[in-house]
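Notes follow the structure.
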Amino acid sequence: MFNRNVYKYDDMKRREHMAVRRTVGWYLFTHQLLEVTGKDAVPFLDKVFTGDIANLKVGRDRYTLMLDEQAQIIGDVIIMHIDEGRYWISTLFLTKLTAWLDAHKEGFDVAYENVTARYHMYAVQGPKSRELVDAIAQDRVDNLKFFGIMDTVIDGVPVKINRAGFTGEEFGYEIYFAADQIGKIEAQLKEKGAPLGAVEVTEFQIMAWTLPTEAGYYYMRDLMHTDPIEVGLEYAIDWDKDFIGKSALQSIKDAGPAREMVGFTMDEDDARVNAKDLGGPGTRVMLDGHEIGRVSKFNYSFLNEKNVGYLLVRKGTVKKGDHVAINDYDAIVTEKKFI
Amino acid sequence: MGEKIDERLPREIGEGALPSHAAIKSPWEKLMSYHDAAHYAQRYSAVVGASIMQAFRILMPDYVQRATALCENAYARLNPLFCGPYGPMSMDEHNVHPFCRGNFPGGLAGDSGDDKLLMCGRVNDFGTYRVEKELDVCYWDIIGSELCRSTTQSLQGVADGMASHLQPGPKLEYHMVEAKGCGDLHCRIVAENRGKFPMPEHEQWECFGPVGSADQIRFTPEEDMVKESQAFREECDYRFVNGTCLELDSTSYYPFVTMSNGSTYILPTIDAEIKKGTLDEEFVNHVLRCVCEAAGKSAFGEFYAKEAFRNWVGAPNDVDDGRLMGAHIEMFLQSMRIPFEIEAFNAEEVVCVIDRKAMENYMPKIVDAYIATWYGMTKTLVSARWSLWEEDSPEGKVRIRIAKKIDKFC
């Protein structure tokens, strides 16, 4: 009567999700953009973010983290080096980002401006995404590397194409363009996408949850009040430079993290589980009658045809293949990636 | 009768309480925690709201007409607000992403608003075509089902207002398919897109379902229900965090708990009906006064209720006069953060001067509703020889006197 899986039996969600996995899906995926300029833009960004910004070449972008002094993650963003000395920070939490930058900009000759209203972005993701982008863009994107940005034109509209995405697909592109040209770009994607079997992804849950979860990606809610080491994001840390939170993070690394983020699958399709991605503390994860953590993410893998998600648990309590109980449902601990 | 104030009571009692201190205090120095004060403010307001709803039921006996009026008014008040500059402010607060299309992000405002009103529960689904929110606690559950309907329409107004700032997208129809005010275990909002979940057309007030995705409802059994908002729960580290990373602690819950209550839906509707000519203002005032006086008398009609109250405020054994009622009003005003001053507090009289604007909370008629309620309470909490009335109010103030009074027409 209740708890029917909101994904499994939903043909619309399945079609949108699987288009990205099998052909190509496109969707409005506009993020907030903060444009950073100024003589000290690089040292400033290097202080605030964990990744190396100084060596980020023009036309390249990078995933990086923003930590507080206790090394808790307070933001994860993409920084794009648009032009010489001009950077875009792509985020979904601009207010928090700006407040943090404001608090740390003293002594830096740096300026930043919210340019979100000027640009829209369409994501084009999936095995045939390159074919679709090539079909609509004046210049071919064949040689564009992952996290590379190029300028070109679509139907007379200047665009920036960034080879990137939140889906885990080898081929995926993000097309940035002036906000008032949205109709033209959308029309091109529809027209040239149809022969390729392209599908417009319209469901927030597919763009923000099911596709990224299968790929092992995080949405910022998963990362709140965690540190990079316990959630497996140490690759986003450049230990050779200084940044806010570095000494605390070093201490955590030396002592070893107290928790870890792991994946899980659940064979029960119609389960009542509340993860942090819907707000709140997340359902308890029980092992031998004891709580060992909480559910961070809970959604569905259309590729694997089962419920999947992430658990934030006490370090060392579980290993791959172990069984845990979530609201009395049996769940199996896995890697945090499902494709 | 003099302007005498007992030594124990500084004139500035109440000042500097919430939010500076984590408690309010009775005239006899008994503390009530910030936490309890927030709960008290919500329930007390709901009780007054229940009286006002009863008055509205007398004034407009037809359920459909009344529910329609409430729903239309709720939507019309909230929607323009969120279509205007408040919409982007709220969207910014809730981290509504620029790629969201349609009105489903309105569910975020409903969720955080519920939690701040101490109506705790959980979001069970949040997507472009369907949103589900389940409440375990609702302080307004005594007011009436018409109110439940109108709150749903206020949420619809918020959601549609937010959508006006986003790219066009699927529209959801918000329904309250279960309501604690109707006796259900939970309140449950299910919002659905009719293109995806087709259902028959209905009138605005018929926003109680049925819905097309009833089988997707995640029903939390009683043993897993919660009693407190996230900001008051250890398992949440005493923080509300929603799915889009809005984070609040309990200091954010004031003044929200004082701003929205059942009356904030009913009185504006009554005002609108007076303006339309459907209701006569003089008769409205008469009915409001009658109902609220009776409700006030009922509050302390039982002897044990008075004893419980004395214990709650720490009243000394030898105090059995108007000061009890004065204490009651002080506790309420502090928990509502309504500024006031005590002019007199002694065995003969209590005089309390209250900030009118804060007391009104944009509802002028609620002042009379409070006074009528407190008048009734005085009759049973103190005795029939005592009375409570407004007297010589300065500009912008409500001056309440509690004293003995013979009234042959009471």
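Residue numbering restarts at 1 in every chain; chains get A, B, ... in the order shown in the structure tokens, and ligands count up from 1 in that same order.
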
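For region 307-316 of chain A, the non-local neighbours within 8 Å, defined as residues at least 3 positions apart in the same chain or in other chains and counting only C-alpha atoms, are Thr213, Glu214, Pro257, Ala258, Arg259, Glu260, Met261, Val262, Gly263, Phe264, Thr265, Met266, Asp267, Glu268, Asp269, Val285, Ile292, Gly293, Arg294, Val295, Ser296, Lys297, Phe298, Asn299, Tyr300, Ser301, Lys319 and Lys336 of chain A.
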
Within 8 Å of chain B, which residues of chain A show up? Give each one with its shortest atom-to-atom distance in Å (one decimal) and the two atoms involved, counting only C-alpha atoms, rows by chain then rising residue number, as JSON lines.
{"residue": "A:Met1", "atom": "CA", "partner": "B:Asp215", "partner_atom": "CA", "distance": 5.3}
{"residue": "A:Phe2", "atom": "CA", "partner": "B:Asp215", "partner_atom": "CA", "distance": 4.7}
{"residue": "A:Asn3", "atom": "CA", "partner": "B:Arg218", "partner_atom": "CA", "distance": 4.8}
{"residue": "A:Arg4", "atom": "CA", "partner": "B:Gln216", "partner_atom": "CA", "distance": 4.5}
{"residue": "A:Asn5", "atom": "CA", "partner": "B:Gln216", "partner_atom": "CA", "distance": 6.5}
{"residue": "A:Val6", "atom": "CA", "partner": "B:Gln216", "partner_atom": "CA", "distance": 6.2}
{"residue": "A:Leu28", "atom": "CA", "partner": "B:Phe99", "partner_atom": "CA", "distance": 5.7}
{"residue": "A:Phe29", "atom": "CA", "partner": "B:Phe99", "partner_atom": "CA", "distance": 4.8}
{"residue": "A:Thr30", "atom": "CA", "partner": "B:Phe99", "partner_atom": "CA", "distance": 4.8}
{"residue": "A:His31", "atom": "CA", "partner": "B:Pro98", "partner_atom": "CA", "distance": 5.9}
{"residue": "A:Gln32", "atom": "CA", "partner": "B:Pro98", "partner_atom": "CA", "distance": 6.9}
{"residue": "A:Leu92", "atom": "CA", "partner": "B:His97", "partner_atom": "CA", "distance": 6.0}
{"residue": "A:Phe93", "atom": "CA", "partner": "B:Asn95", "partner_atom": "CA", "distance": 6.1}
{"residue": "A:Thr95", "atom": "CA", "partner": "B:Asp92", "partner_atom": "CA", "distance": 7.2}
{"residue": "A:Thr202", "atom": "CA", "partner": "B:Thr128", "partner_atom": "CA", "distance": 7.4}
{"residue": "A:Glu203", "atom": "CA", "partner": "B:Thr128", "partner_atom": "CA", "distance": 5.2}
{"residue": "A:Phe204", "atom": "CA", "partner": "B:Thr128", "partner_atom": "CA", "distance": 5.5}
{"residue": "A:Gln205", "atom": "CA", "partner": "B:Gly127", "partner_atom": "CA", "distance": 5.6}
{"residue": "A:Met220", "atom": "CA", "partner": "B:Cys245", "partner_atom": "CA", "distance": 7.3}
{"residue": "A:Arg221", "atom": "CA", "partner": "B:Cys245", "partner_atom": "CA", "distance": 5.5}
{"residue": "A:Met224", "atom": "CA", "partner": "B:Cys245", "partner_atom": "CA", "distance": 7.7}
{"residue": "A:Arg272", "atom": "CA", "partner": "B:Arg218", "partner_atom": "CA", "distance": 6.0}
{"residue": "A:Asn274", "atom": "CA", "partner": "B:Asn124", "partner_atom": "CA", "distance": 6.7}
{"residue": "A:Lys276", "atom": "CA", "partner": "B:Gly243", "partner_atom": "CA", "distance": 6.5}
{"residue": "A:Asp277", "atom": "CA", "partner": "B:Gly243", "partner_atom": "CA", "distance": 4.8}
{"residue": "A:Leu278", "atom": "CA", "partner": "B:Gly243", "partner_atom": "CA", "distance": 4.4}
{"residue": "A:Gly279", "atom": "CA", "partner": "B:Asn242", "partner_atom": "CA", "distance": 3.8}
{"residue": "A:Gly280", "atom": "CA", "partner": "B:Val241", "partner_atom": "CA", "distance": 5.7}
{"residue": "A:Pro281", "atom": "CA", "partner": "B:Cys236", "partner_atom": "CA", "distance": 5.3}

Take the residues from that selection and write them out as a PDB file, in the first residue's frame, keeping C-alpha atoms.
ATOM      1  CA  MET A   1       0.000   0.000   0.000  1.00  0.00           C
ATOM      2  CA  PHE A   2       2.862   2.403   0.878  1.00  0.00           C
ATOM      3  CA  ASN A   3       6.569   2.925   0.141  1.00  0.00           C
ATOM      4  CA  ARG A   4       6.383   2.100  -3.552  1.00  0.00           C
ATOM      5  CA  ASN A   5       9.772   2.936  -5.006  1.00  0.00           C
ATOM      6  CA  VAL A   6       9.611   6.428  -6.489  1.00  0.00           C
ATOM      7  CA  LEU A  28      19.199  22.975 -18.166  1.00  0.00           C
ATOM      8  CA  PHE A  29      21.854  22.783 -15.479  1.00  0.00           C
ATOM      9  CA  THR A  30      22.594  26.425 -14.771  1.00  0.00           C
ATOM     10  CA  HIS A  31      24.780  26.901 -11.715  1.00  0.00           C
ATOM     11  CA  GLN A  32      25.634  30.042  -9.824  1.00  0.00           C
ATOM     12  CA  LEU A  92      25.124  25.945  -6.020  1.00  0.00           C
ATOM     13  CA  PHE A  93      25.694  27.692  -2.694  1.00  0.00           C
ATOM     14  CA  THR A  95      25.644  32.900  -0.457  1.00  0.00           C
ATOM     15  CA  THR A 202      13.574  17.211 -16.779  1.00  0.00           C
ATOM     16  CA  GLU A 203      13.600  15.545 -13.363  1.00  0.00           C
ATOM     17  CA  PHE A 204      15.726  17.177 -10.655  1.00  0.00           C
ATOM     18  CA  GLN A 205      16.225  13.793  -9.005  1.00  0.00           C
ATOM     19  CA  MET A 220      27.175  19.172  -1.112  1.00  0.00           C
ATOM     20  CA  ARG A 221      24.597  17.911   1.385  1.00  0.00           C
ATOM     21  CA  MET A 224      28.343  18.839   5.258  1.00  0.00           C
ATOM     22  CA  ARG A 272      11.171   3.404   3.762  1.00  0.00           C
ATOM     23  CA  ASN A 274      15.280   8.746   4.767  1.00  0.00           C
ATOM     24  CA  LYS A 276      20.374  13.242   4.502  1.00  0.00           C
ATOM     25  CA  ASP A 277      19.852  14.243   0.884  1.00  0.00           C
ATOM     26  CA  LEU A 278      16.223  14.898   1.833  1.00  0.00           C
ATOM     27  CA  GLY A 279      17.268  16.813   4.948  1.00  0.00           C
ATOM     28  CA  GLY A 280      17.472  15.730   8.556  1.00  0.00           C
ATOM     29  CA  PRO A 281      19.857  13.322  10.242  1.00  0.00           C
TER      30      PRO A 281
END

All residues 12 Å or closer to region 109-118 of chain A, only C-alpha atoms, same chain fewer than 2 positions away omitted, as a PyMOL selection string
(chain A and resi 30-45+85-95+97-99+101-102+104-107+120-121+176-182) or (chain B and resi 97-99+165-167)

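Around Val287 (chain B), within 9 Å and counting only C-alpha atoms, the residues found are B:Ala55, B:Phe56, B:Ile58, B:Leu59, B:Glu282, B:Phe283, B:Val284, B:Asn285, B:Arg289, B:Cys290, B:Val291, B:Cys292, once anything fewer than 2 positions away on its own chain is removed.
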
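Non-sequential neighbours of Val47 (chain B) (distance at most 10 Å, separation of 2 or more positions within a chain, only C-alpha atoms) are Gln42, Arg43, Tyr44, Ser45, Gly49, Ala50, Ser51, Ile52, Met53, Tyr139, Trp140, Asp141, Ile142, Ile143, Asn261, Gly262, Ser263, Ala295, Gly296 and Ala299 of chain B.
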
Export of the given selection (C-alpha atoms) as a PDB file, in the first residue's frame:
ATOM      1  CA  GLN B  42       2.999  28.101  19.375  1.00  0.00           C
ATOM      2  CA  ARG B  43       0.395  26.229  21.419  1.00  0.00           C
ATOM      3  CA  TYR B  44      -1.019  29.301  23.124  1.00  0.00           C
ATOM      4  CA  SER B  45      -1.433  31.018  19.772  1.00  0.00           C
ATOM      5  CA  GLY B  49      -6.679  30.612  16.936  1.00  0.00           C
ATOM      6  CA  ALA B  50      -9.110  27.807  17.744  1.00  0.00           C
ATOM      7  CA  SER B  51     -11.411  30.326  19.428  1.00  0.00           C
ATOM      8  CA  ILE B  52     -11.185  32.655  16.476  1.00  0.00           C
ATOM      9  CA  MET B  53     -12.025  29.792  14.123  1.00  0.00           C
ATOM     10  CA  TYR B 139       0.454  22.682  17.165  1.00  0.00           C
ATOM     11  CA  TRP B 140      -2.370  23.936  14.997  1.00  0.00           C
ATOM     12  CA  ASP B 141      -4.148  20.578  15.034  1.00  0.00           C
ATOM     13  CA  ILE B 142      -6.895  21.888  17.309  1.00  0.00           C
ATOM     14  CA  ILE B 143      -8.001  24.754  15.118  1.00  0.00           C
ATOM     15  CA  ASN B 261      -0.248  30.794  13.718  1.00  0.00           C
ATOM     16  CA  GLY B 262      -3.834  29.892  12.997  1.00  0.00           C
ATOM     17  CA  SER B 263      -5.055  33.423  13.587  1.00  0.00           C
ATOM     18  CA  ALA B 295     -12.891  30.113  25.909  1.00  0.00           C
ATOM     19  CA  GLY B 296     -10.999  32.111  28.516  1.00  0.00           C
ATOM     20  CA  ALA B 299      -9.234  27.603  30.493  1.00  0.00           C
TER      21      ALA B 299
END

Choose the residue, out of B:Gly322, B:Phe309, B:Met359, B:Met331, that has the smallest atom-to-atom separation from Val382 (chain B); count only C-alpha atoms.
B:Gly322

Test item: residues at most 8 Å from region 194-198 of chain A, only C-alpha atoms, excluding those fewer than 5 positions along its chain, as an NGL selection string
:A and (19 or 23-26 or 128 or 132)

Using C-alpha atoms, can you write the selected residues to a file as a compact mmCIF listing (two decimals), in the first residue's frame?
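Dumped everything to part_21.txt:
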# COMPACT_ATOMS: atom_id res chain seq x y z
CA ALA A 19 19.32 8.20 -22.06
CA THR A 23 22.61 7.64 -25.81
CA VAL A 24 22.54 11.26 -24.76
CA GLY A 25 20.55 13.40 -22.36
CA TRP A 26 20.49 17.18 -22.25
CA LYS A 128 26.46 10.37 -27.97
CA LEU A 132 25.28 16.06 -30.51

Got a sec to tell me which of region 200-383 of chain B DSSP assigns to alpha helix (DSSP H), as a PyMOL selection string?
chain B and resi 256-259+263-276+281-299+303-313+322-335+356-360+365-381

Determine which residues of region 187-317 of chain A DSSP labels as strand (DSSP E or B) from the backbone of this structure, then write them out as a VMD selection string.
chain A and resid 199 to 200 259 to 266 284 to 287 290 to 301 306 to 314

Grab the residues selected above and save them as an mmCIF file, in the first residue's frame with C-alpha atoms.
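The file below, out.cif, is the result:
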data_model
loop_
_atom_site.group_PDB
_atom_site.id
_atom_site.type_symbol
_atom_site.label_atom_id
_atom_site.label_comp_id
_atom_site.auth_asym_id
_atom_site.auth_seq_id
_atom_site.Cartn_x
_atom_site.Cartn_y
_atom_site.Cartn_z
ATOM 1 C CA VAL A 199 16.194 12.906 -24.398
ATOM 2 C CA GLU A 200 15.625 16.072 -22.421
ATOM 3 C CA ARG A 259 34.409 7.925 10.025
ATOM 4 C CA GLU A 260 34.262 6.796 6.430
ATOM 5 C CA MET A 261 31.800 7.085 3.594
ATOM 6 C CA VAL A 262 30.899 3.769 2.014
ATOM 7 C CA GLY A 263 28.384 2.667 -0.563
ATOM 8 C CA PHE A 264 25.544 0.218 -0.108
ATOM 9 C CA THR A 265 22.927 -1.623 -2.057
ATOM 10 C CA MET A 266 19.534 -2.783 -0.874
ATOM 11 C CA ARG A 284 20.253 4.962 11.441
ATOM 12 C CA VAL A 285 22.636 2.287 10.186
ATOM 13 C CA MET A 286 22.702 -0.653 12.589
ATOM 14 C CA LEU A 287 25.268 -3.401 12.959
ATOM 15 C CA HIS A 290 24.411 -0.916 17.513
ATOM 16 C CA GLU A 291 24.225 2.305 15.564
ATOM 17 C CA ILE A 292 27.346 2.762 13.480
ATOM 18 C CA GLY A 293 26.293 5.683 11.320
ATOM 19 C CA ARG A 294 23.605 7.287 9.199
ATOM 20 C CA VAL A 295 22.355 7.131 5.651
ATOM 21 C CA SER A 296 23.708 10.016 3.597
ATOM 22 C CA LYS A 297 22.236 9.172 0.212
ATOM 23 C CA PHE A 298 19.468 6.839 -0.812
ATOM 24 C CA ASN A 299 18.220 6.549 -4.339
ATOM 25 C CA TYR A 300 18.054 4.132 -7.188
ATOM 26 C CA SER A 301 20.462 2.750 -9.739
ATOM 27 C CA LYS A 306 18.308 -1.709 -7.150
ATOM 28 C CA ASN A 307 18.373 0.848 -4.387
ATOM 29 C CA VAL A 308 21.819 2.267 -3.771
ATOM 30 C CA GLY A 309 23.332 4.974 -1.620
ATOM 31 C CA TYR A 310 26.061 6.110 0.721
ATOM 32 C CA LEU A 311 26.523 5.560 4.444
ATOM 33 C CA LEU A 312 28.657 7.659 6.751
ATOM 34 C CA VAL A 313 29.792 5.165 9.374
ATOM 35 C CA ARG A 314 32.378 4.791 12.114
#

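By chain and then residue number, the residues within 7 Å of Ile154 (chain A) are Ile136, Ala137 and Gln138 of chain A, counting only C-alpha atoms and disregarding those fewer than 6 positions away in sequence.
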
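Taking CA of Leu303 (chain A) and CA of Thr64 (chain A) as endpoints, the distance between them is 28.3 Å.
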
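CA of Val273 (chain A) is positioned 17.5 Å from CA of Gly289 (chain A).
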
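Using only C-alpha atoms, the nearest neighbour of Ile74 (chain A) within the list A:Phe147, A:Tyr173, A:Phe108, A:Tyr219 is A:Tyr219.
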
Of the candidates A:Asp288, A:Lys337, A:Thr152, A:Val48, which one gets nearest to Thr317 (chain A) if we count only C-alpha atoms?
A:Asp288

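Interatomic distance, CA of Ala187 (chain A) to CA of Ile79 (chain A): 28.6 Å.
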
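Minimum atom-to-atom distances from A:Lys253, A:Lys96, A:Lys145, A:Arg163 to Ala123 (chain A) were compared using only C-alpha atoms, and the lowest value belongs to A:Arg163.
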